[in-house]
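This report refers to the structure that appears directly beneath it.
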Amino acid sequence: MAIIIASVIWVFLPSLLIEEESFDGPAIDSGARIEIEMLNQRVEDLQIRIDELSQEVAEVKARPVPQSAPTFNTAPQEQEPFQPSGPNDIIDAYAQVVLIANRKEVNQGLQIAGPSYLARTFGPPREQLSDRCEQMTNRRLADKLVLEKVGPIRVQMLQPAVDSLRRVFENIRLTDPDLYARINTAGALCVRQIRGTRGRASTHAFGLAVDLNIDGVLDTLGDGKTQLGLTILADFFRSEGWVWGAAWRREDSMHFEVSRQKLDEWISEGRL
């Protein structure tokens with residue numbers, strides 16, 4: 001590139017200067033002359049550097065190449081067993097915190113079963129709600145509560161939700177056993193009112209939601225980021241008809257809950 005630039009400047013620079021002398025209009029201003037001189041200096045500097053590099057290349061080429069007779073080991077060699085050289089970067093990436101791509105659209109096609117819909121459909125989970133997790137007293141729902149080990153975790157939820165969660169975890173186990181082994185939970189059933197409200201029950205209060213994480217590390221609420229492993233889990237939950245809390249106005253990416261479509265399906269089947 002330096003040789004090409006130098007050639008172009010050396011070819012056209014004299015003609016520019018000649019045209020300047022014969023030009024009847026105003027002379028080239030001092031700024032243009034300064035730029036031309038600076039270009040001339042750069043060309044000279046480049047030429048000097050090219051000459052130095054050419055000399056260095058010539059010296060390298062002139063060095064003798066050591067000759068050594070090749071040796072061949074014809075004896076069979078035992079293969080050493082594979083030894084890992086360090087942590088598995090792929091597996092360790094599950095706990096890595098990343099931005100949630102297209103966060104507002106992660107539940108596309110699924111409808112949220114909000115507090116009003118849940119209360120209208122099932123009634124309140126208990127007569128009086130407080131800010132503490134308490135016992136469920138709604139008989140219609142309480143009779144369907146189960147406490148079971150589901151995949152890698154133990155949860156207390158409504159029976160249809162547990163069955164659905166089991167299918168999700170089984171698909172994850174078959175597809176990505178390394179991720180499956182690192183799934184942990186921060187809780188499921190918690191019969192209380194939503195913090196900051198009076199008498200509005202969250203989906204957790206109805207036994208229809210679970211909070212998950214990777215390696216027991218809790219996600220930071222509302223920062224728009226999450227563990228990479230949770231973004232993978234979200235695809236499996238969406239296929240089963242669960243909503244991901246990453247899309248909330250205040251992002252809650254540990255939170256997974258049953259969608260309204262799935263609830264309507266279970267009600268129509270007489271399961272709730």
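Residue numbers start at 1 in each chain; chains themselves are named A, B, ... in the order of the structure tokens; ligands are numbered from 1 in the order shown.
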According to DSSP computed on the backbone, where in segment 135-244 of chain A is there alpha helix (DSSP H)? Give the residues as a compact mmCIF listing (two decimals) with N, CA and C atoms, in the first residue's frame.
```txt
# COMPACT_ATOMS: atom_id res chain seq x y z
N ARG A 139 -60.85 -24.86 49.08
CA ARG A 139 -60.97 -26.31 49.00
C ARG A 139 -60.81 -26.83 47.58
N ARG A 140 -61.35 -26.08 46.62
CA ARG A 140 -61.25 -26.53 45.23
C ARG A 140 -59.80 -26.71 44.81
N LEU A 141 -58.94 -25.79 45.28
CA LEU A 141 -57.53 -25.85 44.92
C LEU A 141 -56.72 -26.71 45.90
N ALA A 142 -57.01 -26.57 47.19
CA ALA A 142 -56.23 -27.29 48.20
C ALA A 142 -56.29 -28.80 48.00
N GLN A 159 -51.77 -30.35 41.05
CA GLN A 159 -51.39 -31.57 40.35
C GLN A 159 -51.19 -31.37 38.83
N PRO A 160 -52.11 -30.70 38.12
CA PRO A 160 -51.88 -30.52 36.68
C PRO A 160 -50.60 -29.74 36.38
N ALA A 161 -50.26 -28.77 37.22
CA ALA A 161 -49.03 -28.00 37.02
C ALA A 161 -47.80 -28.87 37.25
N VAL A 162 -47.86 -29.74 38.24
CA VAL A 162 -46.74 -30.66 38.51
C VAL A 162 -46.55 -31.62 37.34
N ASP A 163 -47.65 -32.14 36.81
CA ASP A 163 -47.55 -33.05 35.66
C ASP A 163 -46.94 -32.34 34.46
N SER A 164 -47.35 -31.10 34.24
CA SER A 164 -46.82 -30.33 33.12
C SER A 164 -45.34 -30.01 33.34
N LEU A 165 -44.99 -29.64 34.56
CA LEU A 165 -43.59 -29.34 34.89
C LEU A 165 -42.71 -30.57 34.70
N ARG A 166 -43.24 -31.73 35.03
CA ARG A 166 -42.48 -32.97 34.85
C ARG A 166 -42.16 -33.20 33.37
N ARG A 167 -43.11 -32.90 32.49
CA ARG A 167 -42.86 -33.06 31.05
C ARG A 167 -41.77 -32.08 30.58
N VAL A 168 -41.82 -30.86 31.11
CA VAL A 168 -40.80 -29.87 30.74
C VAL A 168 -39.42 -30.38 31.13
N PHE A 169 -39.28 -30.83 32.38
CA PHE A 169 -37.98 -31.27 32.86
C PHE A 169 -37.48 -32.52 32.13
N GLU A 170 -38.39 -33.40 31.78
CA GLU A 170 -37.98 -34.60 31.06
C GLU A 170 -37.44 -34.24 29.68
N ASN A 171 -38.08 -33.29 29.02
CA ASN A 171 -37.57 -32.84 27.71
C ASN A 171 -36.20 -32.18 27.86
N ILE A 172 -36.00 -31.42 28.93
CA ILE A 172 -34.70 -30.80 29.16
C ILE A 172 -33.65 -31.88 29.43
N ARG A 173 -34.00 -32.88 30.25
CA ARG A 173 -33.05 -33.95 30.58
C ARG A 173 -32.59 -34.70 29.34
N LEU A 174 -33.52 -34.97 28.44
CA LEU A 174 -33.17 -35.70 27.23
C LEU A 174 -32.34 -34.85 26.27
N THR A 175 -32.61 -33.55 26.26
CA THR A 175 -31.95 -32.65 25.31
C THR A 175 -30.64 -32.11 25.82
N PRO A 177 -28.68 -32.76 29.30
CA PRO A 177 -28.54 -33.30 30.66
C PRO A 177 -27.62 -32.47 31.55
N ASP A 178 -26.63 -31.80 30.98
CA ASP A 178 -25.74 -30.97 31.80
C ASP A 178 -26.50 -29.81 32.42
N LEU A 179 -27.35 -29.15 31.62
CA LEU A 179 -28.17 -28.07 32.15
C LEU A 179 -29.18 -28.60 33.16
N TYR A 180 -29.79 -29.72 32.85
CA TYR A 180 -30.79 -30.34 33.73
C TYR A 180 -30.23 -30.54 35.14
N LEU A 228 -27.75 -17.48 31.52
CA LEU A 228 -27.90 -18.06 30.18
C LEU A 228 -28.75 -19.33 30.22
N GLY A 229 -28.57 -20.14 31.27
CA GLY A 229 -29.34 -21.38 31.38
C GLY A 229 -30.84 -21.14 31.45
N LEU A 230 -31.26 -20.03 32.06
CA LEU A 230 -32.70 -19.74 32.15
C LEU A 230 -33.28 -19.38 30.79
N THR A 231 -32.49 -18.74 29.93
CA THR A 231 -33.00 -18.43 28.59
C THR A 231 -33.24 -19.70 27.80
N ILE A 232 -32.42 -20.73 28.06
CA ILE A 232 -32.62 -22.03 27.40
C ILE A 232 -33.86 -22.72 27.97
N LEU A 233 -34.00 -22.69 29.28
CA LEU A 233 -35.19 -23.29 29.91
C LEU A 233 -36.47 -22.66 29.39
N ALA A 234 -36.44 -21.36 29.14
CA ALA A 234 -37.65 -20.65 28.72
C ALA A 234 -38.25 -21.22 27.45
N ASP A 235 -37.42 -21.70 26.54
CA ASP A 235 -37.93 -22.30 25.29
C ASP A 235 -38.74 -23.56 25.58
N PHE A 236 -38.27 -24.37 26.52
CA PHE A 236 -38.99 -25.61 26.86
C PHE A 236 -40.31 -25.27 27.57
N PHE A 237 -40.29 -24.29 28.45
CA PHE A 237 -41.52 -23.91 29.15
C PHE A 237 -42.55 -23.31 28.18
N ARG A 238 -42.09 -22.49 27.26
CA ARG A 238 -43.03 -21.89 26.31
C ARG A 238 -43.70 -22.98 25.46
N SER A 239 -42.95 -24.00 25.07
CA SER A 239 -43.53 -25.09 24.28
C SER A 239 -44.62 -25.85 25.05
N GLU A 240 -44.52 -25.83 26.38
CA GLU A 240 -45.49 -26.53 27.22
C GLU A 240 -46.64 -25.61 27.63
```
Task: atom CA of Val97 of chain A to atom CA of Gly151 of chain A, distance in Å rounded to a single decimal - done: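 Those two atoms sit 23.8 Å apart.
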Open item on the list: Just the number, please: distance in Å from atom CA of Arg195 of chain A to atom CA of Ser130 of chain A, one decimal.
Closed with: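 Those two atoms sit 9.1 Å apart.
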Open item on the list: Could you list, as a ChimeraX atom specification, every residue within 10 Å of Thr220 of chain A, counting only C-alpha atoms and ignoring same-chain residues fewer than 6 positions away?
Closed with: /A:97,226-227,251-254
TODO: Within segment 53-230 of chain A, find each residue whose DSSP state, derived from the backbone, is strand (DSSP E or B), and express the selection as JSON, numbers by chain.
DONE: {"A": [97, 98, 99, 134, 145, 146, 147, 148, 149, 150, 153, 154, 155, 156, 157, 158, 183, 184, 185, 186, 187, 191, 193, 201, 209, 210, 211, 212, 213, 214, 217, 225, 226, 227]}
Task: Closest of A:Leu218, A:Ala246, A:Val210, A:Leu263 to Leu99 of chain A - atom-to-atom distances counting only C-alpha atoms - done: A:Ala246
Task: Distance in Å - atom CA of Phe122 of chain A versus atom CA of Leu110 of chain A - done: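 Computing it gives 20.2 Å between the two atoms.
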TODO: Mind checking which residues fall within 8 Å of Ile153 of chain A, counting only C-alpha atoms, ignoring those fewer than 6 positions away in the same chain, and posting them as number ranges by chain?
DONE: A: 183-185
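Of the residues under consideration (A:Asp264, A:Glu148, A:Val217, A:Met157), A:Asp264 shows the shortest atom-to-atom contact distance to Gln111 of chain A when counting only C-alpha atoms.
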